[in-house]
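Here is the structure we will look at, set down as structure tokens.
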Amino acid sequence: MLTRTCIVLISLLASFSLAKAYLNLTLPGQHPNPEEVVQEVYRRVNASVVRRKTLQVNQRDQFSSCLTGNPIDDCWKCDPDWPNYRQRLADCAIGFGQYALGGKGGEYYIVTDSSDDDAVNPKPGTLRYAVIQPEPLWIVFPSNMLIKLSQELIFNSYKTLDGRGANVHITGGGCITLQYISNVIIHNVHIHHCVPSGNTNVRSSPTHYGYRTKSDGDGISIFGSKDIWVDHCSLSHCKDGLVDAVMGSTGITISNNYFSNHNEVMLLGHSDGYLPDSGMQVTIAFNHFGENLVQRMPRCRRGYIHVVNNDFTAWEMYAIGGSGNPTINSQGNRYTAPTNRNAKEVTKRVDTGEGLWRGWNWRSEGDIMVNGAFFVASGAGVEIKYEKAYSVEPKSVVLIDQLVMHAGALGVGGRDNNLGKWNTGPNQGFDSGLDYEDEMSGSSTNMPRQPLSSTSSLFYFLVPFSCLLFLYIPDWHLITMRN
């Protein structure tokens with residue numbers, strides 16, 4: 001009888017909460033006024049551009065010649081002493097991920113061992129050993145490294161992966177998984193040739209490891225996490241997405257990255273029906289979407305997505321797609337369409353009729369369309385709102401070349417080789433020009449994608465604890481949730 005009562009109670013509470021969610025749904029870390037965040041991005045860009053122009057009056061000034069107008073890079077990159085003050089990077093983020101602390105205030109951890117032989121008992125000195133620790137850590141690399149993961153690399157909260165000054169490549173199984181955590185910065189690494197892995201045990205903290213089902217093969221998988229910043233990375237050749245953010249993730253900035261050689265580049269949102277993703281907020285800024293990309297730059301389900309001052313070189317199908325009524329705010333980008341006359345449209349409403357998407361809030365302001373590209377806007381009913389909210393004009397895309405000129409991994413092996421080494425010793429490793437093949441990641445087989453397993457809805461947390469204990473306590477210690 002008690003079991004039946006609990007089941008009925010769960011159903012009633014779920015139904016009631018689901019109805020409330022349609023009216024008022026917020027996530028931890030969700031900004032109450034996303035337009036304010038957009039305005040702050042413009043203020044930062046404008047201030048950095050004006051400062052660059054002012055200081056360029058004196059061309060002999062080395063500092064002024066370093067400034068690009070990119071507020072993130074200008075925040076740290078022009079300081080010749082930056083290697084001694086690495087953690088200042090945490091103060092340089094913009095947009096929805098600006099509150100990501102990473103390992104700020106924590107100890108420095110130096111990766112000395114590129115191996116990844118044991119996903120359950122990682123060796124001290126390895127990258128896996130660092131990312132599972134409970135305390136804040138600022139993780140650095142004193143030399144070039146190729147890290148071939150045996151399984152997905154599961155992070156704990158408050159970590160910075162700082163590859164500045166070295167040529168760091170992460171490939172193999174997984175690759176990076178940010179699951180139900182917060183405050184992570186991933187900076188200046190190459191992530192590529194990531195393949196599905198799993199069906200084995202993987203450690204996620206010093207006190208816990210569990211069985212992981214098959215992963216999708218994403219470059220970076222953000223799952224139910226907040227305050228995440230991915231900056232100056234080069235991503236390509238992964239089996240699923242290069243960056244995917246799902247299951248109520250929010251407070252994310254994806255900036256200064258170079259994306260290339262991939263089909264489904266970026267997925268934001270788990271499914272059209274997953275209501276917590278309505279609170280997802282993502283800034284996509286100063287990225288270069290480069291050669292041989294097909295679609296999803298990004299593909300959005302629900303949420304508020306600000307796409308600002310990016311360079312879209314070309315695409316095969318479309319650049320920005322969506323379903324489930326996401327808000328897409330595209331401002332100051334350059335869209336260069338492919339030669340295929342049937343693929344000139346920037347946007348795509350996925351599996352949705354015009355009668356439904358006509359009211360969706362998709363805006364293009366200050367974008368430049370090249371080679372016949374065109375953006376299909378929608379949501380005419382909010383014109384006045386946007387006019388009021390964005391009184392500052394989007395930054396002219398004449399400056400796009402300047403803002404994205406250093407997109408991707410910097411320094412040794414990167415697209416900009418002017419960044420100094422982390423140490424003064426020999427920076428031995430592999431050449432920057434290597435072309436990585438699928439075989440180097442440990443697999444050349446195109447494995448089928450596995451669906452994400454279900455996870456408990458936020459609404460079920462309202463169920464009385466006594467009922468949950470009665471229903472689940474016999475086996476609770478045997479369960480490890482996936483993804």
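Naming works like this for the structure tokens: A, B, ... for the chains as they're shown, residue 1 at the start of each chain, ligands 1 onward in shown order.
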Using only C-alpha atoms, what does the table of stretch 290-348 of chain A residues within 12 Å of stretch 232-253 of chain A look like, with each row giving the shortest atom pair and its distance in Å to one decimal, sorted by chain and ascending number, as a Markdown table?
```
| residue | atom | partner | partner_atom | distance |
| --- | --- | --- | --- | --- |
| A:Gly290 | CA | A:Ser236 | CA | 10.0 |
| A:Glu291 | CA | A:Ser236 | CA | 10.1 |
| A:Asn292 | CA | A:Ser236 | CA | 9.7 |
| A:Leu293 | CA | A:Ser236 | CA | 9.3 |
| A:Val294 | CA | A:Gly241 | CA | 11.7 |
| A:Gln295 | CA | A:Gly241 | CA | 10.5 |
| A:Arg296 | CA | A:Gly241 | CA | 9.0 |
| A:Met297 | CA | A:Val243 | CA | 9.9 |
| A:Pro298 | CA | A:Val243 | CA | 9.2 |
| A:Arg299 | CA | A:Asp244 | CA | 9.6 |
| A:Cys300 | CA | A:Ala245 | CA | 9.7 |
| A:Arg301 | CA | A:Val246 | CA | 9.1 |
| A:Arg302 | CA | A:Gly248 | CA | 10.2 |
| A:Gly303 | CA | A:Thr250 | CA | 8.7 |
| A:Tyr304 | CA | A:Thr250 | CA | 9.5 |
| A:Ile305 | CA | A:Ile252 | CA | 9.8 |
| A:His306 | CA | A:Thr253 | CA | 9.5 |
| A:Val307 | CA | A:Thr253 | CA | 10.3 |
| A:Val308 | CA | A:Thr253 | CA | 11.2 |
```
- Would you mind telling me which residue in A:Lys104, A:Ser221, A:Val45, A:Ser197 lies nearest to A:Cys75 when using only C-alpha atoms?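 That would be A:Val45, the residue with the smallest distance to A:Cys75.
Among the candidates A:Thr339, A:Thr160, A:Leu399, A:Gly353, the residue lying nearest to A:Gly372 is A:Thr339 (atoms considered: only C-alpha atoms).
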- Could you check how far atom CA of A:Trp362 sits from atom CA of A:Cys92, in Å to one decimal? 28.2 Å
